[in-house]
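Visitor: One file: start14.txt (compact mmCIF, C-alpha atoms).
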# COMPACT_ATOMS: atom_id res chain seq x y z
CA MET E 1 -6.91 -16.65 16.36
CA ALA E 2 -5.43 -15.51 13.06
CA ILE E 3 -2.20 -14.58 11.35
CA LYS E 4 -1.40 -10.85 11.63
CA VAL E 5 0.36 -9.44 8.56
CA LYS E 6 2.17 -6.08 8.55
CA PHE E 7 3.71 -4.03 5.75
CA PHE E 8 6.29 -1.26 6.17
CA ALA E 9 7.73 1.64 4.19
CA SER E 10 7.65 1.26 0.39
CA LEU E 11 6.04 -2.18 0.70
CA ARG E 12 3.25 -0.67 2.79
CA GLU E 13 2.64 1.82 0.00
CA TRP E 14 2.87 -0.88 -2.66
CA ALA E 15 0.47 -3.19 -0.77
CA GLY E 16 -1.87 -0.31 -0.06
CA GLN E 17 -2.31 -1.51 3.52
CA SER E 18 -0.29 -1.49 6.71
CA GLU E 19 -1.92 -4.42 8.48
CA VAL E 20 -4.30 -7.27 7.71
CA MET E 21 -5.54 -10.31 9.67
CA LEU E 22 -5.67 -13.59 7.73
CA GLU E 23 -7.44 -16.83 8.60
CA PRO E 24 -4.67 -19.42 9.02
CA GLU E 25 -6.33 -22.15 6.91
CA GLY E 26 -4.24 -23.06 3.89
CA LEU E 27 -1.29 -20.90 4.93
CA ALA E 28 1.78 -23.09 5.46
CA SER E 29 4.67 -20.72 4.74
CA VAL E 30 5.58 -17.05 4.75
CA ALA E 31 5.33 -17.21 0.95
CA ASP E 32 1.70 -18.35 1.29
CA VAL E 33 1.03 -15.36 3.55
CA LEU E 34 2.57 -12.98 1.00
CA LYS E 35 0.47 -14.44 -1.78
CA ALA E 36 -2.76 -14.43 0.26
CA SER E 37 -2.31 -10.84 1.40
CA THR E 38 -1.05 -9.25 -1.82
CA GLY E 39 -1.49 -11.69 -4.69
CA GLU E 40 2.30 -11.69 -5.08
CA ARG E 41 3.67 -15.18 -5.74
CA GLY E 42 7.35 -14.77 -5.01
CA GLY E 43 9.62 -12.41 -3.21
CA SER E 44 12.65 -10.55 -4.45
CA ASP E 45 15.86 -9.23 -2.98
CA SER E 46 13.98 -6.14 -2.02
CA VAL E 47 11.27 -7.96 -0.03
CA LEU E 48 12.37 -8.97 3.44
CA CYS E 49 10.22 -11.05 5.77
CA ALA E 50 10.01 -11.25 9.55
CA LEU E 51 8.18 -13.82 11.63
CA ASN E 52 7.49 -12.83 15.23
CA PHE E 53 10.19 -10.10 15.08
CA GLU E 54 12.89 -12.37 13.58
CA THR E 55 14.02 -12.12 9.97
CA VAL E 56 13.17 -15.33 8.09
CA SER E 57 13.08 -16.60 4.49
CA LEU E 58 9.91 -16.93 2.43
CA SER E 59 9.97 -20.70 2.86
CA HIS E 60 9.69 -20.49 6.65
CA ALA E 61 6.62 -22.19 8.16
CA VAL E 62 3.82 -20.17 9.77
CA LYS E 63 1.12 -21.12 12.26
CA ASP E 64 -1.98 -19.61 13.81
CA GLY E 65 -1.17 -16.65 16.08
CA ASP E 66 2.01 -15.66 14.22
CA GLU E 67 2.87 -12.10 13.23
CA VAL E 68 4.36 -11.86 9.74
CA ALA E 69 5.86 -8.68 8.29
CA PHE E 70 7.09 -7.64 4.85
CA PHE E 71 9.42 -4.71 4.27
CA PRO E 72 12.22 -3.39 2.05
CA PRO E 73 15.92 -3.37 3.03
CA VAL E 74 16.35 -1.43 6.26
CA THR E 75 17.89 2.06 6.20
CA GLY E 76 18.16 3.14 9.83
CA GLY E 77 21.10 4.49 11.76
CA MET S 1 73.49 29.41 22.24
CA ALA S 2 73.54 25.87 23.58
CA ILE S 3 71.81 22.52 23.30
CA LYS S 4 68.93 22.13 25.74
CA VAL S 5 68.53 18.58 27.09
CA LYS S 6 65.37 17.35 28.85
CA PHE S 7 64.56 14.14 30.70
CA PHE S 8 61.11 12.80 31.46
CA ALA S 9 59.44 10.26 33.73
CA SER S 10 61.63 7.34 34.84
CA LEU S 11 64.58 8.69 32.79
CA ARG S 12 64.31 12.00 34.64
CA GLU S 13 64.57 10.10 37.92
CA TRP S 14 67.41 7.94 36.62
CA ALA S 15 69.34 10.94 35.29
CA GLY S 16 68.67 12.88 38.50
CA GLN S 17 67.85 16.00 36.47
CA SER S 18 65.00 17.27 34.34
CA GLU S 19 66.90 19.76 32.21
CA VAL S 20 70.49 20.71 31.42
CA MET S 21 72.10 23.11 28.94
CA LEU S 22 75.16 21.78 27.09
CA GLU S 23 77.78 23.65 25.11
CA PRO S 24 77.47 22.36 21.54
CA GLU S 25 81.21 21.83 20.98
CA GLY S 26 82.02 18.18 20.29
CA LEU S 27 78.37 17.12 20.14
CA ALA S 28 77.58 15.73 16.69
CA SER S 29 74.72 13.30 17.39
CA VAL S 30 71.89 12.62 19.84
CA ALA S 31 74.06 9.80 21.20
CA ASP S 32 76.80 12.34 21.97
CA VAL S 33 74.26 14.43 23.87
CA LEU S 34 73.12 11.39 25.88
CA LYS S 35 76.72 10.56 26.77
CA ALA S 36 77.65 14.13 27.66
CA SER S 37 74.59 14.63 29.86
CA THR S 38 74.47 11.27 31.64
CA GLY S 39 77.70 9.38 30.96
CA GLU S 40 75.59 6.72 29.21
CA ARG S 41 77.20 5.49 25.99
CA GLY S 42 74.33 3.77 24.21
CA GLY S 43 70.59 3.73 24.31
CA SER S 44 68.24 0.82 24.74
CA ASP S 45 64.71 -0.05 23.67
CA SER S 46 63.49 1.77 26.71
CA VAL S 47 65.26 5.05 25.90
CA LEU S 48 63.46 7.15 23.31
CA CYS S 49 64.88 10.38 21.92
CA ALA S 50 63.23 13.49 20.52
CA LEU S 51 64.88 16.33 18.65
CA ASN S 52 62.89 19.57 18.48
CA PHE S 53 59.66 17.70 19.34
CA GLU S 54 60.14 14.93 16.73
CA THR S 55 61.13 11.38 17.67
CA VAL S 56 64.54 10.51 16.22
CA SER S 57 67.17 7.80 16.55
CA LEU S 58 70.36 8.13 18.60
CA SER S 59 72.41 8.55 15.43
CA HIS S 60 70.53 11.70 14.39
CA ALA S 61 72.71 14.84 14.03
CA VAL S 62 72.36 17.75 16.46
CA LYS S 63 73.35 21.41 16.16
CA ASP S 64 73.55 24.49 18.34
CA GLY S 65 70.09 25.67 19.45
CA ASP S 66 68.48 22.23 19.33
CA GLU S 67 66.28 20.80 22.06
CA VAL S 68 66.97 17.13 22.76
CA ALA S 69 64.83 14.96 25.06
CA PHE S 70 65.18 11.47 26.50
CA PHE S 71 62.25 9.49 27.87
CA PRO S 72 60.86 5.97 28.31
CA PRO S 73 58.07 4.46 26.13
CA VAL S 74 55.01 6.69 26.30
CA THR S 75 51.97 5.60 28.32
CA GLY S 76 49.30 8.24 27.75
CA GLY S 77 45.70 7.93 26.67
CA MET L 1 40.67 21.01 14.76
CA ALA L 2 41.41 21.52 18.44
CA VAL L 3 43.94 20.02 20.84
CA VAL L 4 43.48 20.79 24.53
CA ILE L 5 45.83 19.81 27.36
CA GLU L 6 43.90 19.97 30.63
CA SER L 7 45.39 20.22 34.10
CA ASP L 8 41.92 20.16 35.73
CA SER L 9 39.20 17.54 35.53
CA PHE L 10 37.01 17.93 32.45
CA ASP L 11 33.61 16.67 31.38
CA PRO L 12 33.99 14.97 27.98
CA TRP L 13 30.29 15.21 27.14
CA GLN L 14 30.20 18.95 27.80
CA ALA L 15 33.42 19.39 25.81
CA LEU L 16 31.80 17.55 22.88
CA GLN L 17 28.64 19.62 23.07
CA ARG L 18 30.62 22.88 23.23
CA HIS L 19 32.84 21.91 20.33
CA GLN L 20 29.98 20.64 18.19
CA ASP L 21 28.10 23.91 18.69
CA SER L 22 30.86 25.55 16.65
CA LEU L 23 30.28 23.24 13.66
CA VAL L 24 27.71 23.78 10.92
CA GLY L 25 24.77 21.48 11.71
CA GLY L 26 23.68 19.27 8.82
CA SER L 27 27.20 19.05 7.39
CA PHE L 28 28.24 15.98 9.37
CA GLY L 29 26.44 12.65 9.47
CA ALA L 30 28.83 10.74 11.68
CA THR L 31 30.59 11.48 14.95
CA ALA L 32 32.90 8.90 16.50
CA VAL L 33 34.15 9.43 20.04
CA PHE L 34 36.48 7.72 22.45
CA VAL L 35 36.86 8.53 26.13
CA GLY L 36 39.57 6.93 28.25
CA SER L 37 38.93 7.09 32.00
CA MET L 38 41.03 6.22 35.01
CA ARG L 39 40.31 2.78 36.36
CA ASP L 40 40.74 1.99 40.05
CA PHE L 41 42.37 -1.34 39.19
CA ASN L 42 45.41 -2.14 37.00
CA GLN L 43 47.61 -5.22 36.58
CA GLY L 44 45.99 -6.88 39.57
CA ASP L 45 46.40 -3.93 41.96
CA GLU L 46 44.05 -1.34 43.38
CA VAL L 47 45.05 2.10 42.17
CA GLN L 48 44.30 5.16 44.33
CA GLY L 49 45.57 7.88 42.09
CA MET L 50 47.68 8.69 39.08
CA THR L 51 50.01 11.45 37.97
CA LEU L 52 50.34 12.14 34.28
CA GLU L 53 53.63 13.71 33.26
CA HIS L 54 53.99 15.16 29.78
CA TYR L 55 56.45 17.01 27.57
CA PRO L 56 54.98 20.49 27.08
CA GLY L 57 55.42 21.66 23.52
CA MET L 58 56.12 18.23 22.06
CA THR L 59 52.74 16.96 23.29
CA GLU L 60 50.78 19.61 21.39
CA HIS L 61 53.08 19.26 18.37
CA GLN L 62 52.56 15.48 18.21
CA LEU L 63 48.79 15.62 18.77
CA GLU L 64 48.38 18.27 16.07
CA ALA L 65 50.50 16.17 13.69
CA ILE L 66 48.36 13.10 14.42
CA ALA L 67 45.15 15.05 13.79
CA ALA L 68 46.61 16.42 10.53
CA GLU L 69 47.55 12.89 9.40
CA ALA L 70 44.01 11.69 10.08
CA ALA L 71 42.59 14.60 8.06
CA GLU L 72 44.86 13.66 5.14
CA GLN L 73 43.83 10.02 5.24
CA TRP L 74 40.06 10.43 5.73
CA PRO L 75 37.53 13.11 4.71
CA LEU L 76 36.99 14.72 8.12
CA LEU L 77 35.07 17.86 8.95
CA ASP L 78 36.66 18.31 12.35
CA THR L 79 38.76 16.70 15.08
CA LEU L 80 38.86 17.25 18.84
CA ILE L 81 41.46 15.91 21.28
CA HIS L 82 41.50 16.57 25.03
CA HIS L 83 44.11 15.06 27.36
CA ARG L 84 44.52 15.42 31.10
CA VAL L 85 47.87 15.96 32.79
CA GLY L 86 48.83 16.19 36.47
CA ASP L 87 47.10 14.44 39.36
CA ILE L 88 44.10 12.33 38.42
CA ASP L 89 41.58 10.51 40.61
CA PRO L 90 39.92 7.20 39.74
CA ALA L 91 36.91 7.53 37.43
CA GLU L 92 38.11 10.85 36.01
CA PRO L 93 38.44 11.12 32.24
CA ILE L 94 42.01 11.08 30.92
CA VAL L 95 41.57 11.41 27.18
CA LEU L 96 38.87 12.33 24.68
CA THR L 97 39.18 11.94 20.93
CA ALA L 98 36.39 12.80 18.51
CA VAL L 99 36.00 13.18 14.76
CA TRP L 100 33.15 14.50 12.66
CA SER L 101 32.67 13.28 9.09
CA ALA L 102 29.98 12.93 6.45
CA HIS L 103 30.01 9.12 6.69
CA ARG L 104 30.54 6.58 9.43
CA ALA L 105 33.38 4.50 7.95
CA ALA L 106 35.70 7.52 7.92
CA ALA L 107 34.59 8.58 11.40
CA PHE L 108 35.15 5.15 12.97
CA GLU L 109 38.50 4.56 11.30
CA ALA L 110 39.93 8.03 11.81
CA ASN L 111 38.92 8.08 15.47
CA ARG L 112 40.57 4.74 16.12
CA PHE L 113 43.69 5.92 14.29
CA LEU L 114 43.81 9.01 16.54
CA MET L 115 43.72 6.94 19.71
CA GLU L 116 46.26 4.35 18.59
CA ALA L 117 48.63 7.05 17.32
CA LEU L 118 48.19 9.05 20.54
CA LYS L 119 48.90 5.96 22.64
CA SER L 120 52.10 5.15 20.75
CA ARG L 121 53.48 8.62 19.94
CA ALA L 122 52.24 11.36 22.28
CA PRO L 123 54.70 12.05 25.12
CA PHE L 124 52.67 11.26 28.25
CA TRP L 125 53.77 9.06 31.13
CA LYS L 126 51.59 7.60 33.87
CA ARG L 127 52.69 7.09 37.45
CA GLU L 128 50.30 5.10 39.61
CA GLN L 129 49.75 5.43 43.37
CA LEU L 130 48.68 2.02 44.68
CA SER L 131 46.47 1.56 47.71
CA ASP L 132 49.33 -0.05 49.67
CA GLY L 133 51.32 3.19 49.39
CA GLU L 134 53.62 1.99 46.59
CA GLU L 135 54.17 4.15 43.51
CA ARG L 136 55.15 2.90 40.06
CA TRP L 137 55.58 4.07 36.50
CA VAL L 138 53.28 2.35 34.04
CA GLU L 139 55.83 0.68 31.76
CA LYS L 140 53.87 0.36 28.57
CA ASN L 141 50.45 0.73 27.08
CA THR L 142 48.24 -2.24 26.35
CA PRO L 143 48.00 -3.07 22.64
CA GLY L 144 45.00 -1.63 20.83
CA TYR L 145 44.63 -4.32 18.18
CA MET X 1 22.07 -2.18 28.88
CA ALA X 2 19.47 0.23 27.58
CA VAL X 3 17.65 0.63 24.28
CA VAL X 4 15.62 3.81 23.79
CA ILE X 5 13.37 4.64 20.83
CA GLU X 6 12.82 8.40 20.75
CA SER X 7 10.03 10.23 18.96
CA ASP X 8 11.39 13.63 20.06
CA SER X 9 14.76 15.21 19.42
CA PHE X 10 17.39 14.10 21.93
CA ASP X 11 20.80 15.38 23.02
CA PRO X 12 23.30 12.52 22.70
CA TRP X 13 25.85 14.11 25.05
CA GLN X 14 23.27 14.58 27.81
CA ALA X 15 22.02 11.03 27.25
CA LEU X 16 25.59 9.75 27.65
CA GLN X 17 26.17 11.76 30.80
CA ARG X 18 22.90 10.59 32.32
CA HIS X 19 23.56 6.97 31.47
CA GLN X 20 27.15 7.06 32.67
CA ASP X 21 26.06 8.51 36.01
CA SER X 22 24.39 5.15 36.67
CA LEU X 23 27.66 3.22 36.21
CA VAL X 24 30.26 2.61 38.89
CA GLY X 25 33.09 5.12 38.28
CA GLY X 26 36.55 3.57 38.08
CA SER X 27 35.24 0.30 36.67
CA PHE X 28 35.49 1.31 33.02
CA GLY X 29 38.59 2.59 31.26
CA ALA X 30 37.16 2.92 27.76
CA THR X 31 33.99 4.41 26.31
CA ALA X 32 33.40 4.29 22.56
CA VAL X 33 30.54 6.30 21.10
CA PHE X 34 28.97 6.82 17.71
CA VAL X 35 26.40 9.48 16.85
CA GLY X 36 24.67 9.55 13.47
CA SER X 37 23.09 12.88 12.58
CA MET X 38 20.85 14.00 9.77
CA ARG X 39 22.72 15.64 6.92
CA ASP X 40 21.11 18.31 4.77
CA PHE X 41 22.60 16.73 1.64
CA ASN X 42 22.34 13.16 0.29
CA GLN X 43 23.08 11.58 -3.08
CA GLY X 44 23.60 14.96 -4.68
CA ASP X 45 20.35 16.52 -3.41
CA GLU X 46 19.49 19.00 -0.70
CA VAL X 47 17.37 17.33 1.96
CA GLN X 48 14.88 19.41 3.95
CA GLY X 49 13.54 16.78 6.28
CA MET X 50 13.25 13.09 6.93
CA THR X 51 10.67 10.71 8.34
CA LEU X 52 11.88 7.56 10.03
CA GLU X 53 9.39 4.70 9.99
CA HIS X 54 10.03 1.68 12.19
CA TYR X 55 8.48 -1.62 13.21
CA PRO X 56 7.49 -1.20 16.87
CA GLY X 57 8.27 -4.33 18.84
CA MET X 58 10.67 -5.81 16.30
CA THR X 59 12.91 -2.73 16.56
CA GLU X 60 13.42 -3.12 20.32
CA HIS X 61 13.74 -6.90 19.96
CA GLN X 62 16.46 -6.59 17.30
CA LEU X 63 18.40 -3.85 19.10
CA GLU X 64 18.37 -5.81 22.35
CA ALA X 65 19.54 -8.92 20.49
CA ILE X 66 22.38 -6.95 18.87
CA ALA X 67 23.46 -5.54 22.25
CA ALA X 68 23.36 -9.04 23.76
CA GLU X 69 25.50 -10.41 20.92
CA ALA X 70 28.07 -7.66 21.51
CA ALA X 71 28.15 -8.48 25.23
CA GLU X 72 28.80 -12.15 24.40
CA GLN X 73 31.63 -11.35 22.02
CA TRP X 74 33.44 -8.65 24.05
CA PRO X 75 33.84 -7.98 27.79
CA LEU X 76 31.49 -5.00 28.10
CA LEU X 77 30.33 -3.26 31.24
CA ASP X 78 27.38 -1.57 29.60
CA THR X 79 25.73 -0.64 26.30
CA LEU X 80 23.46 2.24 25.33
CA ILE X 81 21.47 2.62 22.11
CA HIS X 82 19.16 5.53 21.28
CA HIS X 83 17.33 5.83 17.93
CA ARG X 84 15.00 8.53 16.69
CA VAL X 85 11.76 7.79 14.83
CA GLY X 86 9.23 10.10 13.20
CA ASP X 87 9.92 13.49 11.65
CA ILE X 88 13.52 14.64 11.82
CA ASP X 89 15.09 17.98 10.85
CA PRO X 90 18.58 18.41 9.39
CA ALA X 91 21.37 18.41 12.00
CA GLU X 92 19.30 16.45 14.51
CA PRO X 93 20.82 13.26 15.92
CA ILE X 94 19.30 10.05 14.58
CA VAL X 95 21.22 7.34 16.39
CA LEU X 96 23.55 6.99 19.37
CA THR X 97 25.48 3.85 20.25
CA ALA X 98 27.87 3.62 23.19
CA VAL X 99 29.75 0.89 25.02
CA TRP X 100 31.73 0.93 28.24
CA SER X 101 34.54 -1.55 28.79
CA ALA X 102 37.74 -1.97 30.80
CA HIS X 103 39.93 -1.68 27.69
CA ARG X 104 39.79 0.24 24.44
CA ALA X 105 40.06 -2.62 21.91
CA ALA X 106 36.80 -4.16 23.15
CA ALA X 107 35.09 -0.76 23.29
CA PHE X 108 36.08 0.23 19.74
CA GLU X 109 35.22 -3.12 18.20
CA ALA X 110 31.95 -3.69 20.04
CA ASN X 111 30.71 -0.19 19.26
CA ARG X 112 31.43 -0.59 15.59
CA PHE X 113 29.71 -3.98 15.62
CA LEU X 114 26.62 -2.37 17.20
CA MET X 115 26.37 0.25 14.47
CA GLU X 116 26.98 -2.11 11.56
CA ALA X 117 24.47 -4.63 12.95
CA LEU X 118 21.93 -1.89 13.59
CA LYS X 119 22.36 -0.57 10.04
CA SER X 120 21.83 -4.00 8.50
CA ARG X 121 19.26 -5.58 10.83
CA ALA X 122 17.17 -3.06 12.77
CA PRO X 123 13.82 -2.33 11.06
CA PHE X 124 13.99 1.41 10.35
CA TRP X 125 13.24 3.07 7.02
CA LYS X 126 14.12 6.61 5.98
CA ARG X 127 11.97 8.77 3.75
CA GLU X 128 13.58 12.01 2.59
CA GLN X 129 11.86 15.29 1.78
CA LEU X 130 13.95 17.10 -0.84
CA SER X 131 14.08 20.86 -1.19
CA ASP X 132 12.35 20.71 -4.58
CA GLY X 133 9.29 19.16 -2.90
CA GLU X 134 9.99 15.59 -4.02
CA GLU X 135 9.87 12.75 -1.48
CA ARG X 136 11.75 9.47 -1.73
CA TRP X 137 12.53 6.37 0.27
CA VAL X 138 16.23 5.87 0.95
CA GLU X 139 16.83 2.58 -0.85
CA LYS X 140 19.81 1.26 1.04
CA ASN X 141 22.42 2.15 3.59
CA THR X 142 25.97 3.03 2.61
CA PRO X 143 28.45 0.26 3.40
CA GLY X 144 30.32 0.61 6.68
CA TYR X 145 33.52 -1.17 5.68
Mind turning this structure into structure tokens?
Guide:
Amino acid sequence: MAIKVKFFASLREWAGQSEVMLEPEGLASVADVLKASTGERGGSDSVLCALNFETVSLSHAVKDGDEVAFFPPVTGG
Amino acid sequence: MAIKVKFFASLREWAGQSEVMLEPEGLASVADVLKASTGERGGSDSVLCALNFETVSLSHAVKDGDEVAFFPPVTGG
Amino acid sequence: MAVVIESDSFDPWQALQRHQDSLVGGSFGATAVFVGSMRDFNQGDEVQGMTLEHYPGMTEHQLEAIAAEAAEQWPLLDTLIHHRVGDIDPAEPIVLTAVWSAHRAAAFEANRFLMEALKSRAPFWKREQLSDGEERWVEKNTPGY
Amino acid sequence: MAVVIESDSFDPWQALQRHQDSLVGGSFGATAVFVGSMRDFNQGDEVQGMTLEHYPGMTEHQLEAIAAEAAEQWPLLDTLIHHRVGDIDPAEPIVLTAVWSAHRAAAFEANRFLMEALKSRAPFWKREQLSDGEERWVEKNTPGY
């Protein structure tokens, strides 16, 4: 398996990719996934994270098979 | 001219009339109009009064040509 | 701004579409709507029909005043109020209120104001026909807040 | 309860009529509706078009969760949410929320909850095309209260 990582909107443009598959070894938290996929160490108010379709914090644990997403504040409606 | 008096809903049934024209002589207030048209001396929480389409209190003054109405609490919508 | 008193059944969605066609598209970002319909059940009893009495003249005057108050309090582009009178069958719409505004906060708040003001100030009275043959005046409206 | 993600333009009034046809008439006394439409003006600039990006899967999951939360908090008979994605022209509807309930307080409050929750939690992002050729991401939603 693997960890699927998605980027949306301005973060997709910033990351230069919309989706990447990561090997799960060494990835304990959402923050680890962010760093491994973009080189970015921390988040900011304008980086939101979702784990398997639920919004979570950067410190949330991840495991093999998870889908992690990074995106800016939502502006729908 | 005259003062036109209207009754609506349960007050129409209670008064036994929907509309009556009164000579204005001796009628100074809405309360006078109520008394002259129904024999009722006072109002109650369940008697509302309108003068020329605006809700008023029983003590409001009336004059020749006015339209006065009596009705129970409204239940539209 | 339009106030319509209807003695025949009306379709609120068609009324909205028709009214909105008269507005300049792109000017409004938010439309808030309320539709009140006749239920077949009230205060524990089955209701077969309803007659809505009103005070012609004062009704229109009050509804127009309520719409004008809303337009003073919130930045509205338009307001629509429809209200049935006469004999009404269960499931038929009784009242429609709608406001169009640039932003949603104004639309939500103004539309709720319209309905609460209509419920407390517009001269309509409901008489229910129950399924056991009894008839009764509805004595007061349920609180909105 | 229905959640619909639309990639083509939709008519909110027809969607409401269609959905309401599936409900038992006489059971609901109150329908509260909100429609958000695309304005041709935002933050001082003329807007020519908009592209709505979303997160397929999470969008539906979040909207269904929001509708379920509303149904826990208020006595609702039904809920309908439509949301556009993709390229949108000025004046086109973007979002529709609607709730059906026995009484108006629940309908008003639940419908407003749906919209505020959708605005803050559902993964949609707007990109505006301005009339001078510039494009920009909308950075945040306007507050609802």
Visitor: Each residue of chain L lying at most 12 Å from chain E should get a row with its shortest atom-to-atom pair and the distance in Å to one decimal, counting only C-alpha atoms; could you produce that, ordered by chain and increasing number, as JSON lines?
Guide:
{"residue": "L:Gly29", "atom": "CA", "partner": "E:Gly77", "partner_atom": "CA", "distance": 10.0}
{"residue": "L:Ala30", "atom": "CA", "partner": "E:Gly77", "partner_atom": "CA", "distance": 9.9}
{"residue": "L:His103", "atom": "CA", "partner": "E:Gly77", "partner_atom": "CA", "distance": 11.2}
{"residue": "L:Arg104", "atom": "CA", "partner": "E:Gly77", "partner_atom": "CA", "distance": 9.9}
Visitor: Any chance you could export the current selection's C-alpha atoms as a compact mmCIF listing (two decimals), in the frame of the given file?
Guide:
# COMPACT_ATOMS: atom_id res chain seq x y z
CA GLY L 29 26.44 12.65 9.47
CA ALA L 30 28.83 10.74 11.68
CA HIS L 103 30.01 9.12 6.69
CA ARG L 104 30.54 6.58 9.43
Visitor: Provide the atom CA of Asp132 of chain L to atom CA of Phe7 of chain S distance in Å, to one decimal place.
Guide: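 Computing the Euclidean distance for atom CA of Asp132 of chain L and atom CA of Phe7 of chain S yields 28.2 Å.
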Visitor: State, in Å with one decimal place, the distance from atom CA of Arg136 of chain L to atom CA of Ala31 of chain S.
Guide: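 Those two atoms sit 27.6 Å apart.
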Visitor: Could you give me, as a list in words, the residues within 9 Å of Arg41 of chain S, counting only C-alpha atoms and dropping anything in the same chain fewer than 4 positions from it?
Guide: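 Counting only C-alpha atoms, the residues come to Ala31, Asp32, Leu34, Lys35 and Ala36 of chain S.
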Visitor: Determine, using all atoms listed in the file, which residues of chain L have any atom at most 10 Å from an atom of chain X, and tabulate each with its shortest atom pair and distance in Å to one decimal place, rows ordered by chain and then rising number, as CSV.
Guide:
residue,atom,partner,partner_atom,distance
L:Asp11,CA,X:Gln17,CA,8.9
L:Pro12,CA,X:Trp13,CA,8.7
L:Trp13,CA,X:Trp13,CA,5.0
L:Gln14,CA,X:Trp13,CA,7.1
L:Ala15,CA,X:Trp13,CA,9.3
L:Leu16,CA,X:Trp13,CA,7.2
L:Gln17,CA,X:Trp13,CA,6.5
L:Val24,CA,X:Ala91,CA,8.4
L:Gly25,CA,X:Ala91,CA,4.6
L:Gly26,CA,X:Ala91,CA,4.0
L:Ser27,CA,X:Arg39,CA,5.6
L:Phe28,CA,X:Arg39,CA,6.0
L:Gly29,CA,X:Ser37,CA,4.6
L:Ala30,CA,X:Gly36,CA,4.7
L:Thr31,CA,X:Val35,CA,5.0
L:Ala32,CA,X:Phe34,CA,4.6
L:Val33,CA,X:Val33,CA,4.9
L:Phe34,CA,X:Ala32,CA,4.6
L:Val35,CA,X:Thr31,CA,5.0
L:Gly36,CA,X:Ala30,CA,4.7
L:Ser37,CA,X:Gly29,CA,4.6
L:Met38,CA,X:Gly29,CA,5.8
L:Arg39,CA,X:Gly26,CA,4.2
L:Asp40,CA,X:Gly26,CA,4.9
L:Phe41,CA,X:Gly26,CA,7.7
L:Asn42,CA,X:Ala102,CA,9.9
L:Val47,CA,X:Gly26,CA,9.5
L:Asp89,CA,X:Gly26,CA,8.9
L:Pro90,CA,X:Gly26,CA,5.2
L:Ala91,CA,X:Gly26,CA,4.0
L:Glu92,CA,X:Gly26,CA,7.7
L:Pro93,CA,X:Gly29,CA,8.6
L:Ile94,CA,X:Gly29,CA,9.2
L:Val95,CA,X:Ala30,CA,9.6
L:Leu96,CA,X:Thr31,CA,9.4
L:Thr97,CA,X:Ala32,CA,9.7
L:Ala98,CA,X:Val33,CA,9.1
L:Val99,CA,X:Phe34,CA,9.9
L:Trp100,CA,X:Val35,CA,9.4
L:Ser101,CA,X:Gly36,CA,9.9
L:Ala102,CA,X:Arg39,CA,7.8
L:His103,CA,X:Thr142,CA,8.4
L:Arg104,CA,X:Gly144,CA,6.6
L:Ala105,CA,X:Gly144,CA,5.1
L:Ala106,CA,X:Gly144,CA,8.8
L:Ala107,CA,X:Phe34,CA,8.6
L:Phe108,CA,X:Arg112,CA,7.3
L:Glu109,CA,X:Tyr145,CA,9.4
L:Asn111,CA,X:Phe108,CA,9.4
L:Arg112,CA,X:Phe108,CA,7.3
L:Met115,CA,X:Arg104,CA,9.1
L:Glu116,CA,X:Arg104,CA,9.6
L:Thr142,CA,X:His103,CA,8.4
L:Pro143,CA,X:Ala105,CA,8.0
L:Gly144,CA,X:Ala105,CA,5.2
L:Tyr145,CA,X:Ala105,CA,6.1
Visitor: Might you pull out every residue within 12 Å of Val33 of chain S, with all atoms listed in the file counted and same-chain residues fewer than 4 positions away left off, and present them as a tab-separated table (two decimals) with C-alpha atoms, in the coordinates of the input?
Guide:
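Wrote selection_11.tsv, looks like this:
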chain	number	residue	atom	x	y	z
S	2	ALA	CA	73.54	25.87	23.58
S	3	ILE	CA	71.81	22.52	23.30
S	4	LYS	CA	68.93	22.13	25.74
S	5	VAL	CA	68.53	18.58	27.09
S	6	LYS	CA	65.37	17.35	28.85
S	7	PHE	CA	64.56	14.14	30.70
S	20	VAL	CA	70.49	20.71	31.42
S	21	MET	CA	72.10	23.11	28.94
S	22	LEU	CA	75.16	21.78	27.09
S	23	GLU	CA	77.78	23.65	25.11
S	24	PRO	CA	77.47	22.36	21.54
S	25	GLU	CA	81.21	21.83	20.98
S	26	GLY	CA	82.02	18.18	20.29
S	27	LEU	CA	78.37	17.12	20.14
S	28	ALA	CA	77.58	15.73	16.69
S	29	SER	CA	74.72	13.30	17.39
S	37	SER	CA	74.59	14.63	29.86
S	38	THR	CA	74.47	11.27	31.64
S	39	GLY	CA	77.70	9.38	30.96
S	40	GLU	CA	75.59	6.72	29.21
S	41	ARG	CA	77.20	5.49	25.99
S	42	GLY	CA	74.33	3.77	24.21
S	43	GLY	CA	70.59	3.73	24.31
S	49	CYS	CA	64.88	10.38	21.92
S	50	ALA	CA	63.23	13.49	20.52
S	51	LEU	CA	64.88	16.33	18.65
S	58	LEU	CA	70.36	8.13	18.60
S	59	SER	CA	72.41	8.55	15.43
S	60	HIS	CA	70.53	11.70	14.39
S	61	ALA	CA	72.71	14.84	14.03
S	62	VAL	CA	72.36	17.75	16.46
S	63	LYS	CA	73.35	21.41	16.16
S	64	ASP	CA	73.55	24.49	18.34
S	66	ASP	CA	68.48	22.23	19.33
S	67	GLU	CA	66.28	20.80	22.06
S	68	VAL	CA	66.97	17.13	22.76
S	69	ALA	CA	64.83	14.96	25.06
S	70	PHE	CA	65.18	11.47	26.50
Visitor: To one decimal place, how far is atom CA of Ala70 of chain L from atom CA of Pro73 of chain S in Å?
Guide: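 Computing it gives 22.5 Å between the two atoms.
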